$ cat target33.cif   # mmCIF, C-alpha atoms
data_target
loop_
_atom_site.label_atom_id
_atom_site.label_comp_id
_atom_site.auth_asym_id
_atom_site.auth_seq_id
_atom_site.Cartn_x
_atom_site.Cartn_y
_atom_site.Cartn_z
CA MET A 10 88.12 85.18 160.21
CA LEU A 11 86.90 88.32 158.57
CA ALA A 12 83.49 89.73 158.88
CA LYS A 13 81.30 89.05 155.86
CA GLU A 14 81.25 92.62 154.61
CA LYS A 15 85.03 92.95 154.64
CA VAL A 16 87.27 92.31 151.67
CA LEU A 17 90.99 91.78 151.48
CA LYS A 18 93.19 93.97 149.40
CA LEU A 19 96.01 92.06 147.74
CA ARG A 20 99.32 93.80 147.72
CA LYS A 21 100.86 91.57 145.09
CA ALA A 22 99.74 89.24 142.30
CA LEU A 23 98.82 85.76 143.46
CA TYR A 24 99.22 82.66 141.39
CA GLY A 25 96.09 82.08 139.35
CA LEU A 26 95.06 85.69 139.21
CA LYS A 27 94.66 87.58 135.97
CA GLN A 28 97.50 89.86 136.93
CA ALA A 29 99.92 87.06 137.73
CA PRO A 30 101.24 86.30 134.25
CA ARG A 31 101.77 89.98 133.58
CA ALA A 32 103.63 90.41 136.83
CA TRP A 33 105.73 87.34 136.12
CA ASN A 34 106.63 88.51 132.64
CA ALA A 35 107.57 91.95 133.92
CA LYS A 36 109.88 90.35 136.47
CA LEU A 37 111.47 87.98 133.97
CA ASP A 38 111.92 90.83 131.52
CA ARG A 39 113.59 92.94 134.19
CA GLU A 40 115.95 90.18 135.23
CA LEU A 41 116.92 89.29 131.67
CA LEU A 42 117.58 92.92 130.81
CA ALA A 43 119.69 93.20 133.97
CA LEU A 44 121.77 90.28 132.75
CA GLY A 45 122.54 92.22 129.60
CA PHE A 46 119.91 90.77 127.29
CA VAL A 47 118.10 92.74 124.64
CA ARG A 48 114.51 91.90 123.79
CA SER A 49 113.86 91.41 120.10
CA LYS A 50 111.60 94.08 118.66
CA LEU A 51 110.11 91.61 116.21
CA ASP A 52 109.24 88.92 118.70
CA HIS A 53 108.95 89.88 122.32
CA ALA A 54 109.52 86.32 123.45
CA VAL A 55 113.06 86.31 122.08
CA TYR A 56 115.98 87.74 124.00
CA ARG A 57 119.53 88.04 122.76
CA ARG A 58 122.82 88.76 124.46
CA CYS A 59 126.00 89.59 122.64
CA ASN A 60 129.36 88.98 124.21
CA ARG A 61 132.85 88.88 122.74
CA ASN A 62 132.32 87.19 119.41
CA SER A 63 129.59 84.88 120.56
CA PHE A 64 125.94 85.31 121.47
CA LEU A 65 123.17 83.70 123.45
CA LEU A 66 119.51 83.39 122.51
CA VAL A 67 116.66 82.79 124.92
CA GLY A 68 113.14 81.90 123.88
CA VAL A 69 110.47 82.48 126.50
CA TYR A 70 107.11 80.83 126.90
CA VAL A 71 105.73 81.99 130.24
CA ASP A 72 108.09 80.14 132.58
CA ASP A 73 109.64 77.77 130.06
CA LEU A 74 112.88 78.99 128.58
CA ILE A 75 114.81 77.65 125.63
CA ILE A 76 118.45 78.62 125.67
CA SER A 77 120.52 78.42 122.53
CA GLY A 78 123.85 79.66 121.29
CA PRO A 79 127.00 78.58 119.53
CA ASP A 80 129.05 78.30 122.72
CA VAL A 81 128.15 75.63 125.31
CA ARG A 82 130.13 77.39 128.05
CA ASP A 83 128.02 80.51 127.65
CA ILE A 84 124.87 78.45 128.09
CA GLY A 85 126.23 76.89 131.29
CA ALA A 86 127.19 80.28 132.66
CA PHE A 87 123.77 81.71 131.90
CA LYS A 88 122.05 78.80 133.66
CA LYS A 89 124.13 79.48 136.77
CA GLU A 90 123.19 83.16 136.67
CA MET A 91 119.52 82.28 136.42
CA MET A 92 119.68 79.66 139.17
CA LYS A 93 120.85 82.39 141.54
CA LYS A 94 117.79 84.49 140.79
CA PHE A 95 115.08 81.89 140.40
CA SER A 96 114.56 78.43 141.73
CA MET A 97 114.47 76.58 138.47
CA SER A 98 115.24 73.15 137.15
CA ASP A 99 117.52 72.38 134.27
CA LEU A 100 115.94 69.84 131.96
CA GLY A 101 119.11 69.43 129.91
CA LEU A 102 119.14 69.11 126.15
CA LEU A 103 115.84 70.26 124.65
CA SER A 104 113.65 67.23 124.02
CA TYR A 105 110.10 68.27 124.84
CA TYR A 106 108.59 71.73 124.64
CA LEU A 107 104.92 72.73 124.66
CA GLY A 108 103.84 69.26 123.62
CA ILE A 109 106.35 69.15 120.79
CA GLU A 110 108.88 66.34 120.85
CA VAL A 111 112.29 67.52 119.75
CA LYS A 112 115.04 65.23 118.51
CA GLN A 113 118.45 66.68 117.91
CA ALA A 114 120.82 64.70 115.77
CA ALA A 115 123.96 65.33 113.78
CA ASP A 116 122.05 65.70 110.52
CA GLY A 117 119.37 68.05 111.78
CA ILE A 118 116.51 68.62 114.20
CA THR A 119 113.13 66.93 114.03
CA LEU A 120 109.96 68.17 115.65
CA CYS A 121 106.93 65.97 116.07
CA GLN A 122 103.75 65.71 118.14
CA SER A 123 103.12 61.96 118.16
CA SER A 124 101.76 61.72 121.68
CA TYR A 125 99.57 64.77 121.14
CA ALA A 126 98.21 63.24 117.93
CA MET A 127 97.43 60.01 119.79
CA LYS A 128 95.54 61.98 122.42
CA ILE A 129 93.37 63.62 119.78
CA LEU A 130 92.61 60.26 118.22
CA GLU A 131 91.70 58.84 121.60
CA ALA A 132 89.43 61.77 122.40
CA ALA A 133 87.68 61.31 119.07
CA GLY A 134 87.44 57.56 119.56
CA MET A 135 89.37 56.95 116.37
CA THR A 136 92.38 55.00 117.62
CA GLU A 137 91.36 51.87 115.75
CA CYS A 138 90.34 53.47 112.47
CA ASN A 139 91.83 52.66 109.09
CA SER A 140 94.31 55.23 107.93
CA CYS A 141 94.22 57.02 104.60
CA GLU A 142 96.90 58.67 102.55
CA THR A 143 95.69 62.22 102.06
CA PRO A 144 94.01 64.51 104.58
CA MET A 145 91.29 65.58 102.19
CA GLU A 146 89.50 64.37 99.12
CA CYS A 147 90.50 65.99 95.84
CA ARG A 148 88.17 68.69 94.58
CA LEU A 149 85.99 68.43 97.64
CA LYS A 150 83.81 71.51 97.90
CA LEU A 151 82.10 72.02 101.21
CA ILE A 152 79.29 74.48 101.68
CA LYS A 153 77.65 76.02 104.66
CA LEU A 154 74.69 74.32 106.21
CA LYS A 155 71.45 75.70 104.78
CA ASP A 156 68.88 74.74 107.41
CA LYS A 157 71.19 75.45 110.34
CA ASP A 158 70.66 72.19 112.14
CA PRO A 159 74.18 71.46 113.30
CA VAL A 160 75.40 68.00 114.24
CA LYS A 161 77.28 67.93 117.56
CA PRO A 162 78.78 71.41 117.18
CA ILE A 163 80.57 71.40 120.54
CA GLU A 164 82.46 68.20 119.81
CA TYR A 165 83.27 69.51 116.34
CA ARG A 166 84.80 72.71 117.66
CA SER A 167 86.71 70.83 120.30
CA ILE A 168 88.31 68.48 117.78
CA ILE A 169 89.20 71.32 115.39
CA GLY A 170 90.69 73.27 118.26
CA SER A 171 92.93 70.34 119.14
CA LEU A 172 93.82 69.73 115.51
CA ARG A 173 94.90 73.28 114.88
CA TYR A 174 97.81 72.96 117.27
CA ILE A 175 99.18 70.02 115.31
CA ILE A 176 99.83 72.22 112.27
CA ASN A 177 102.99 73.39 114.09
CA THR A 178 104.76 70.20 113.15
CA SER A 179 102.51 68.98 110.34
CA PRO A 180 102.19 71.74 107.78
CA ASP A 181 100.76 69.11 105.43
CA LEU A 182 97.52 69.33 107.41
CA ALA A 183 97.27 73.11 107.27
CA TYR A 184 94.96 73.37 104.29
CA ALA A 185 92.56 70.58 105.27
CA ILE A 186 92.21 71.88 108.82
CA GLY A 187 91.79 75.41 107.52
CA VAL A 188 88.88 74.29 105.40
CA VAL A 189 87.01 72.42 108.12
CA SER A 190 87.60 75.32 110.52
CA MET A 191 85.32 77.46 108.39
CA TYR A 192 82.27 75.47 109.44
CA MET A 193 82.65 75.59 113.19
CA GLU A 194 79.47 77.61 113.58
CA ALA A 195 77.19 74.92 112.23
CA PRO A 196 78.83 71.68 111.17
CA GLY A 197 76.81 69.22 109.14
CA LYS A 198 77.30 65.60 108.13
CA GLU A 199 79.64 66.47 105.24
CA HIS A 200 81.83 68.57 107.49
CA TRP A 201 82.05 65.78 110.02
CA ALA A 202 83.04 63.42 107.21
CA ALA A 203 85.87 65.79 106.24
CA VAL A 204 87.07 65.92 109.84
CA LYS A 205 86.95 62.14 110.09
CA HIS A 206 89.01 62.04 106.92
CA ILE A 207 91.67 64.24 108.51
CA LEU A 208 91.69 62.06 111.63
CA ARG A 209 92.14 58.96 109.51
CA TYR A 210 95.07 60.62 107.77
CA LEU A 211 96.46 61.60 111.16
CA LYS A 212 96.22 58.00 112.29
CA GLY A 213 98.53 57.03 109.43
CA THR A 214 100.99 59.85 110.07
CA VAL A 215 101.18 59.83 113.87
CA ARG A 216 104.87 59.12 113.66
CA TYR A 217 105.56 61.87 111.16
CA GLY A 218 107.23 65.12 112.04
CA CYS A 219 108.96 68.10 110.59
CA LYS A 220 112.62 67.73 109.85
CA HIS A 221 114.91 70.72 109.73
CA ALA A 222 117.92 69.23 108.02
CA LYS A 223 121.32 70.68 108.49
CA GLY A 224 122.34 72.26 105.22
CA ALA A 225 125.65 71.52 103.58
CA GLU A 226 126.26 75.20 103.10
CA LEU A 227 126.69 77.54 106.00
CA LYS A 228 124.94 80.32 104.18
CA LEU A 229 121.34 80.83 105.14
CA ILE A 230 118.81 81.57 102.44
CA LEU A 231 115.16 82.34 102.83
CA ILE A 232 112.90 81.19 100.04
CA GLY A 233 109.17 81.75 100.01
CA TYR A 234 106.64 80.11 97.74
CA SER A 235 103.49 82.02 97.16
CA ASP A 236 100.31 80.89 95.52
CA SER A 237 96.64 81.64 95.64
CA ASP A 238 93.60 79.83 94.37
CA PHE A 239 91.47 82.30 92.57
CA ALA A 240 88.20 82.77 94.45
CA GLY A 241 88.19 79.11 95.37
CA ASP A 242 85.39 79.42 97.85
CA VAL A 243 82.12 78.60 96.12
CA GLU A 244 80.08 80.72 98.47
CA ASP A 245 81.78 84.02 99.12
CA ARG A 246 84.45 83.82 96.40
CA LYS A 247 87.21 84.45 98.85
CA SER A 248 90.64 83.26 97.80
CA THR A 249 92.91 80.99 99.74
CA THR A 250 96.50 82.04 99.96
CA GLY A 251 99.39 79.71 100.59
CA ILE A 252 102.86 80.52 101.74
CA GLY A 253 105.52 77.87 101.92
CA MET D 1 94.05 89.45 85.09
CA SER D 2 91.97 88.61 88.10
CA SER D 3 93.97 85.55 88.99
CA CYS D 4 97.07 87.68 88.74
CA GLU D 5 95.52 90.06 91.18
CA ALA D 6 94.77 87.35 93.71
CA GLU D 7 98.32 86.15 93.40
CA TYR D 8 99.84 89.56 93.67
CA VAL D 9 97.95 90.34 96.81
CA ALA D 10 99.11 87.00 98.12
CA ALA D 11 102.76 87.94 97.84
CA VAL D 12 103.89 87.84 101.36
CA ARG D 13 104.90 90.04 104.23
CA GLN D 14 105.63 87.01 106.37
CA GLY D 15 108.93 86.52 104.61
CA ILE D 16 110.04 90.01 105.46
CA TRP D 17 109.22 89.56 109.11
CA LEU D 18 111.00 86.22 109.29
CA ASN D 19 114.00 87.69 107.53
CA ARG D 20 114.22 90.50 110.03
CA LEU D 21 113.82 88.16 112.97
CA ILE D 22 116.62 85.90 111.72
CA ALA D 23 118.89 88.86 111.08
CA ASP D 24 118.05 90.17 114.53
CA MET D 25 118.76 86.87 116.25
CA LEU D 26 122.01 86.20 114.45
CA GLY D 27 123.10 89.80 114.61
CA ALA D 28 123.68 89.67 110.88
CA LYS D 29 122.60 91.77 107.95
CA GLU D 30 119.25 91.08 106.38
CA MET D 31 119.43 88.89 103.35
CA THR D 32 117.37 89.01 100.20
CA VAL D 33 114.24 86.90 100.43
CA LYS D 34 113.49 84.90 97.37
CA LEU D 35 109.80 84.76 96.56
CA LEU D 36 108.67 82.17 94.07
CA MET D 37 105.34 82.47 92.27
CA ASP D 38 103.86 80.48 89.44
CA ASN D 39 102.01 83.38 87.92
CA GLN D 40 103.88 85.33 85.25
CA ALA D 41 101.43 88.21 85.25
CA ALA D 42 101.88 88.78 88.96
CA ILE D 43 105.65 88.75 88.56
CA ALA D 44 105.46 91.22 85.69
CA LEU D 45 103.27 93.47 87.78
CA SER D 46 105.70 93.35 90.67
CA LYS D 47 108.63 94.36 88.49
CA ASN D 48 107.23 96.55 85.80
CA PRO D 49 104.85 99.43 86.36
CA ILE D 50 103.92 99.58 82.64
CA HIS D 51 100.78 97.52 83.20
CA HIS D 52 99.86 99.99 85.84
CA ASP D 53 96.81 101.44 84.12
CA HIS D 54 94.96 98.16 84.27
CA ASN D 55 95.78 97.66 87.88
CA LYS D 56 95.04 100.97 89.44
CA HIS D 57 92.39 99.41 91.59
CA ILE D 58 94.98 97.31 93.37
CA ASP D 59 95.40 99.30 96.45
CA THR D 60 98.67 101.04 97.17
CA ARG D 61 99.36 98.88 100.16
CA TYR D 62 99.58 95.88 97.92
CA HIS D 63 102.32 97.57 95.97
CA PHE D 64 104.37 97.15 99.11
CA LEU D 65 105.92 94.22 97.28
CA ARG D 66 107.22 96.38 94.46
CA HIS D 67 108.71 98.72 96.99
CA CYS D 68 110.51 95.82 98.65
CA ILE D 69 111.88 94.66 95.31
CA GLU D 70 113.20 98.11 94.56
CA GLU D 71 114.96 98.18 97.89
CA GLY D 72 116.48 94.79 97.24
CA LYS D 73 114.72 93.13 100.17
CA VAL D 74 112.79 90.72 98.02
CA GLU D 75 113.61 88.99 94.81
CA VAL D 76 110.73 87.57 92.80
CA ASP D 77 111.18 84.62 90.55
CA HIS D 78 109.04 82.27 88.58
CA VAL D 79 108.47 78.70 89.65
CA GLY D 80 106.79 76.09 87.46
CA SER D 81 103.47 74.78 88.71
CA GLU D 82 105.13 71.42 89.17
CA GLU D 83 107.53 72.73 91.79
CA GLN D 84 105.07 75.12 93.41
CA LEU D 85 105.43 74.14 97.03
CA ALA D 86 102.61 76.37 98.21
CA ASP D 87 100.11 74.17 96.32
CA LEU D 88 99.89 72.06 99.43
CA PHE D 89 98.42 75.03 101.27
CA THR D 90 95.86 76.12 98.71
CA LYS D 91 94.19 72.98 97.46
CA ALA D 92 93.49 69.36 98.25
CA LEU D 93 96.05 67.45 96.22
CA GLY D 94 95.95 63.92 94.90
CA ARG D 95 97.93 61.22 96.65
CA VAL D 96 101.05 61.23 94.44
CA LYS D 97 101.55 64.97 94.38
CA PHE D 98 100.64 65.30 98.05
CA VAL D 99 103.19 62.76 99.22
CA GLU D 100 105.85 64.34 97.02
CA GLN D 101 105.24 67.87 98.28
CA ARG D 102 104.99 66.69 101.84
CA SER D 103 108.50 65.28 101.81
CA THR D 104 109.82 68.38 100.05
CA LEU D 105 108.40 70.39 102.93
CA GLY D 106 110.42 68.27 105.32
CA VAL D 107 107.60 66.25 106.85
CA VAL D 108 109.03 62.78 107.31
CA LYS D 109 108.60 59.71 109.46
CA VAL D 110 110.42 60.44 112.69
CA HIS D 111 109.81 57.48 114.95
CA GLN D 112 110.67 53.95 114.04
CA VAL D 113 107.86 51.51 114.69
#
$ encode --input "target33.cif" --output "structure tokens"
Amino acid sequence: MLAKEKVLKLRKALYGLKQAPRAWNAKLDRELLALGFVRSKLDHAVYRRCNRNSFLLVGVYVDDLIISGPDVRDIGAFKKEMMKKFSMSDLGLLSYYLGIEVKQAADGITLCQSSYAMKILEAAGMTECNSCETPMECRLKLIKLKDKDPVKPIEYRSIIGSLRYIINTSPDLAYAIGVVSMYMEAPGKEHWAAVKHILRYLKGTVRYGCKHAKGAELKLILIGYSDSDFAGDVEDRKSTTGIG
Amino acid sequence: MSSCEAEYVAAVRQGIWLNRLIADMLGAKEMTVKLLMDNQAAIALSKNPIHHDHNKHIDTRYHFLRHCIEEGKVEVDHVGSEEQLADLFTKALGRVKFVEQRSTLGVVKVHQV
């Protein structure tokens, strides 16, 4: 036991401390670089290693790694290298990552968040609601609350926070969730109605996900769609921009 | 004019970043990003500096797009409002159009009941 006025000086980062994730990332970065990987300048969570005429890609999320590459043997070899350095478990073919369910098939890859969506509906007490076909009413214009008497603002923010993560696999919800997010400060009855609308839509599309189909051509093309509503916001005349 | 301005400003940097990331990951050369807009005025502005006098107030940084076109990084093309996929991200659509655009985006039923 230490006397009350004494403190302990830590010589290294402990799990749960602010410094721990930084220390971990520094270590992982060091080890990956030692194995011949190069960190992508454009996304620091992506590492790439070139060898012979093949390559290996590693995606990092704290201590979860996704390994990908055209050659299965390379992947196996890399796993062995990593097992020597860290005690880690191999979860096999990617099927679940950060709450996203991944299905890999011959015709493409699908990503969905069904169980996450169910959790949101449960938390909101909307598991038994009737579903609807669009996330938002046409031409609905919401405005800020005038008298600033918000209705359950904490619950509102909590639901929006959970919903925002679902946009990863449901880009169809992006606009509707973007709109309701603007009223987190002081949500009123109308805003709650809009959120309920989104949840009812979610109920109907729990089993939906994003499909990345395998193209017939090997050539990769990047196409962007750009549009903007002109000063669509009735209050501050800000425009909404969409990129597809 | 003003709508053109909003659109022009909207023309994206995201595409450029994604393009670079893909090129970086595959170790390949960067490709040309195709940018589709439904606003003819914005497209004209991105290609042709003749209208420049009317648009001087559009800040230089927004002319980044024109620079990218000149360098061959981006290619701008017109898309009819019917096929404008970004509609889904800028307004609340009606049921028919919404369902159509949703499947074009690749959002489909994954699980079987």
$ atom_distance --input "target33.cif" --atom1 "CA of Met193 (chain A)" --atom2 "CA of Ser123 (chain A)"
25.1 Å
$ residues_around --input "target33.cif" --residues "region 168-185 of chain A" --least-positions-apart "4" --cutoff "9 Å" --atoms "only C-alpha atoms" --output "mmCIF file with C-alpha atoms, keeping the file's coordinate frame"
data_model
loop_
_atom_site.group_PDB
_atom_site.id
_atom_site.type_symbol
_atom_site.label_atom_id
_atom_site.label_comp_id
_atom_site.auth_asym_id
_atom_site.auth_seq_id
_atom_site.Cartn_x
_atom_site.Cartn_y
_atom_site.Cartn_z
ATOM 1 C CA ILE A 109 106.350 69.150 120.790
ATOM 2 C CA LEU A 120 109.960 68.170 115.650
ATOM 3 C CA CYS A 121 106.930 65.970 116.070
ATOM 4 C CA GLN A 122 103.750 65.710 118.140
ATOM 5 C CA TYR A 125 99.570 64.770 121.140
ATOM 6 C CA ALA A 126 98.210 63.240 117.930
ATOM 7 C CA ILE A 129 93.370 63.620 119.780
ATOM 8 C CA ALA A 132 89.430 61.770 122.400
ATOM 9 C CA ALA A 133 87.680 61.310 119.070
ATOM 10 C CA PRO A 144 94.010 64.510 104.580
ATOM 11 C CA MET A 145 91.290 65.580 102.190
ATOM 12 C CA ILE A 163 80.570 71.400 120.540
ATOM 13 C CA GLU A 164 82.460 68.200 119.810
ATOM 14 C CA VAL A 189 87.010 72.420 108.120
ATOM 15 C CA SER A 190 87.600 75.320 110.520
ATOM 16 C CA MET A 193 82.650 75.590 113.190
ATOM 17 C CA ALA A 203 85.870 65.790 106.240
ATOM 18 C CA VAL A 204 87.070 65.920 109.840
ATOM 19 C CA ILE A 207 91.670 64.240 108.510
ATOM 20 C CA LEU A 208 91.690 62.060 111.630
ATOM 21 C CA LEU A 211 96.460 61.600 111.160
ATOM 22 C CA TYR A 217 105.560 61.870 111.160
ATOM 23 C CA GLY A 218 107.230 65.120 112.040
ATOM 24 C CA CYS A 219 108.960 68.100 110.590
ATOM 25 C CA LYS A 220 112.620 67.730 109.850
ATOM 26 C CA GLY A 251 99.390 79.710 100.590
ATOM 27 C CA LEU D 88 99.890 72.060 99.430
ATOM 28 C CA PHE D 89 98.420 75.030 101.270
ATOM 29 C CA THR D 90 95.860 76.120 98.710
ATOM 30 C CA LYS D 91 94.190 72.980 97.460
ATOM 31 C CA ALA D 92 93.490 69.360 98.250
ATOM 32 C CA PHE D 98 100.640 65.300 98.050
ATOM 33 C CA GLN D 101 105.240 67.870 98.280
ATOM 34 C CA ARG D 102 104.990 66.690 101.840
ATOM 35 C CA LEU D 105 108.400 70.390 102.930
ATOM 36 C CA VAL D 107 107.600 66.250 106.850
#
$ atom_distance --input "target33.cif" --atom1 "CA of Ser63 (chain A)" --atom2 "CA of Ile76 (chain A)"
13.8 Å
$ resolve_selection --input "target33.cif" --expression "the PyMOL selection byres ((chain D) within 7 of (chain A))" --output "ChimeraX atom specification"
/D:3,6-7,10-11,15,21,25,33-37,84-95,102,106-111
$ residues_around --input "target33.cif" --residues "Ile43 (chain D)" --least-positions-apart "6" --cutoff "8 Å" --atoms "all atoms listed in the file" --output "number ranges by chain"
D: 8, 37, 76-78
$ atom_distance --input "target33.cif" --atom1 "CA of Glu30 (chain D)" --atom2 "CA of Gly45 (chain A)"
23.5 Å
$ closest_residue --input "target33.cif" --among "A:Lys128, A:Arg166, A:Arg82, A:Lys94" --to "Arg39 (chain A)" --atoms "all atoms listed in the file"
A:Lys94
$ residues_around --input "target33.cif" --residues "Met91 (chain A)" --least-positions-apart "4" --cutoff "12 Å" --atoms "only C-alpha atoms" --output "PyMOL selection string"
chain A and resi 37+40-41+43-44+67+74+76+84-87+95-99
$ residues_around --input "target33.cif" --residues "region 64-69 of chain D" --least-positions-apart "5" --cutoff "7 Å" --atoms "all atoms listed in the file" --output "list in words"
Ser46, Lys47, Val74 and Glu75 of chain D
$ write_last_selection --input "target33.cif" --atoms "C-alpha atoms" --output "short mmCIF file (atom, residue, chain, number, x, y, z; two decimals), in the coordinates of the input"
data_model
loop_
_atom_site.label_atom_id
_atom_site.label_comp_id
_atom_site.auth_asym_id
_atom_site.auth_seq_id
_atom_site.Cartn_x
_atom_site.Cartn_y
_atom_site.Cartn_z
CA SER D 46 105.70 93.35 90.67
CA LYS D 47 108.63 94.36 88.49
CA VAL D 74 112.79 90.72 98.02
CA GLU D 75 113.61 88.99 94.81
#
$ closest_residue --input "target33.cif" --among "D:Thr32, D:Ser103, D:Ser81, D:Asn39" --to "Arg20 (chain D)" --atoms "only C-alpha atoms"
D:Thr32
$ closest_residue --input "target33.cif" --among "A:Tyr105, A:Trp201, A:Tyr70, A:Trp33" --to "Tyr165 (chain A)" --atoms "all atoms listed in the file"
A:Trp201
$ residues_around --input "target33.cif" --residues "region 13-19 of chain A" --least-positions-apart "5" --cutoff "12 Å" --atoms "only C-alpha atoms" --output "list in words"
Tyr24, Leu26, Gln28 and Ala29 of chain A
$ decode --input "target33.cif" --residues "region 77-94 of chain D" --atoms "N, CA, C and O atoms" --output "PDB file, in the first residue's frame"
ATOM      1  N   ASP D  77     -19.775  15.519 -67.701  1.00  0.00           N
ATOM      2  CA  ASP D  77     -20.761  15.195 -68.714  1.00  0.00           C
ATOM      3  C   ASP D  77     -22.150  15.518 -68.201  1.00  0.00           C
ATOM      4  O   ASP D  77     -22.366  15.633 -66.998  1.00  0.00           O
ATOM      5  N   HIS D  78     -23.068  15.615 -69.122  1.00  0.00           N
ATOM      6  CA  HIS D  78     -24.427  15.939 -68.742  1.00  0.00           C
ATOM      7  C   HIS D  78     -25.226  14.660 -68.486  1.00  0.00           C
ATOM      8  O   HIS D  78     -25.049  13.664 -69.167  1.00  0.00           O
ATOM      9  N   VAL D  79     -26.078  14.713 -67.505  1.00  0.00           N
ATOM     10  CA  VAL D  79     -26.968  13.587 -67.253  1.00  0.00           C
ATOM     11  C   VAL D  79     -28.380  14.149 -67.135  1.00  0.00           C
ATOM     12  O   VAL D  79     -28.591  15.212 -66.540  1.00  0.00           O
ATOM     13  N   GLY D  80     -29.328  13.493 -67.766  1.00  0.00           N
ATOM     14  CA  GLY D  80     -30.714  13.968 -67.708  1.00  0.00           C
ATOM     15  C   GLY D  80     -31.237  13.876 -66.291  1.00  0.00           C
ATOM     16  O   GLY D  80     -30.793  13.040 -65.514  1.00  0.00           O
ATOM     17  N   SER D  81     -32.161  14.750 -65.941  1.00  0.00           N
ATOM     18  CA  SER D  81     -32.691  14.740 -64.575  1.00  0.00           C
ATOM     19  C   SER D  81     -33.275  13.381 -64.202  1.00  0.00           C
ATOM     20  O   SER D  81     -33.300  13.001 -63.036  1.00  0.00           O
ATOM     21  N   GLU D  82     -33.731  12.662 -65.208  1.00  0.00           N
ATOM     22  CA  GLU D  82     -34.317  11.340 -64.950  1.00  0.00           C
ATOM     23  C   GLU D  82     -33.297  10.362 -64.383  1.00  0.00           C
ATOM     24  O   GLU D  82     -33.597   9.550 -63.526  1.00  0.00           O
ATOM     25  N   GLU D  83     -32.076  10.458 -64.925  1.00  0.00           N
ATOM     26  CA  GLU D  83     -31.048   9.494 -64.484  1.00  0.00           C
ATOM     27  C   GLU D  83     -30.131  10.076 -63.421  1.00  0.00           C
ATOM     28  O   GLU D  83     -29.105   9.488 -63.102  1.00  0.00           O
ATOM     29  N   GLN D  84     -30.467  11.242 -62.907  1.00  0.00           N
ATOM     30  CA  GLN D  84     -29.614  11.876 -61.907  1.00  0.00           C
ATOM     31  C   GLN D  84     -29.666  11.091 -60.597  1.00  0.00           C
ATOM     32  O   GLN D  84     -30.612  11.200 -59.828  1.00  0.00           O
ATOM     33  N   LEU D  85     -28.615  10.334 -60.360  1.00  0.00           N
ATOM     34  CA  LEU D  85     -28.594   9.448 -59.205  1.00  0.00           C
ATOM     35  C   LEU D  85     -28.458  10.203 -57.883  1.00  0.00           C
ATOM     36  O   LEU D  85     -28.860   9.711 -56.834  1.00  0.00           O
ATOM     37  N   ALA D  86     -27.877  11.400 -57.966  1.00  0.00           N
ATOM     38  CA  ALA D  86     -27.646  12.154 -56.735  1.00  0.00           C
ATOM     39  C   ALA D  86     -28.937  12.783 -56.196  1.00  0.00           C
ATOM     40  O   ALA D  86     -28.936  13.358 -55.119  1.00  0.00           O
ATOM     41  N   ASP D  87     -30.030  12.665 -56.956  1.00  0.00           N
ATOM     42  CA  ASP D  87     -31.322  13.186 -56.496  1.00  0.00           C
ATOM     43  C   ASP D  87     -31.701  12.615 -55.130  1.00  0.00           C
ATOM     44  O   ASP D  87     -32.267  13.291 -54.287  1.00  0.00           O
ATOM     45  N   LEU D  88     -31.352  11.360 -54.975  1.00  0.00           N
ATOM     46  CA  LEU D  88     -31.676  10.645 -53.742  1.00  0.00           C
ATOM     47  C   LEU D  88     -31.037  11.304 -52.520  1.00  0.00           C
ATOM     48  O   LEU D  88     -31.506  11.145 -51.404  1.00  0.00           O
ATOM     49  N   PHE D  89     -29.957  12.050 -52.762  1.00  0.00           N
ATOM     50  CA  PHE D  89     -29.239  12.660 -51.647  1.00  0.00           C
ATOM     51  C   PHE D  89     -29.584  14.128 -51.443  1.00  0.00           C
ATOM     52  O   PHE D  89     -29.084  14.758 -50.526  1.00  0.00           O
ATOM     53  N   THR D  90     -30.407  14.677 -52.312  1.00  0.00           N
ATOM     54  CA  THR D  90     -30.706  16.105 -52.168  1.00  0.00           C
ATOM     55  C   THR D  90     -32.171  16.409 -51.923  1.00  0.00           C
ATOM     56  O   THR D  90     -32.516  17.526 -51.589  1.00  0.00           O
ATOM     57  N   LYS D  91     -33.034  15.451 -52.158  1.00  0.00           N
ATOM     58  CA  LYS D  91     -34.445  15.738 -51.852  1.00  0.00           C
ATOM     59  C   LYS D  91     -35.193  14.462 -51.458  1.00  0.00           C
ATOM     60  O   LYS D  91     -34.724  13.355 -51.714  1.00  0.00           O
ATOM     61  N   ALA D  92     -36.348  14.683 -50.839  1.00  0.00           N
ATOM     62  CA  ALA D  92     -37.203  13.556 -50.499  1.00  0.00           C
ATOM     63  C   ALA D  92     -37.996  13.188 -51.742  1.00  0.00           C
ATOM     64  O   ALA D  92     -38.768  13.992 -52.250  1.00  0.00           O
ATOM     65  N   LEU D  93     -37.755  12.002 -52.255  1.00  0.00           N
ATOM     66  CA  LEU D  93     -38.405  11.599 -53.498  1.00  0.00           C
ATOM     67  C   LEU D  93     -39.712  10.861 -53.228  1.00  0.00           C
ATOM     68  O   LEU D  93     -39.938  10.356 -52.135  1.00  0.00           O
ATOM     69  N   GLY D  94     -40.531  10.791 -54.261  1.00  0.00           N
ATOM     70  CA  GLY D  94     -41.765  10.007 -54.170  1.00  0.00           C
ATOM     71  C   GLY D  94     -41.421   8.525 -54.235  1.00  0.00           C
ATOM     72  O   GLY D  94     -40.301   8.165 -54.575  1.00  0.00           O
TER      73      GLY D  94
END
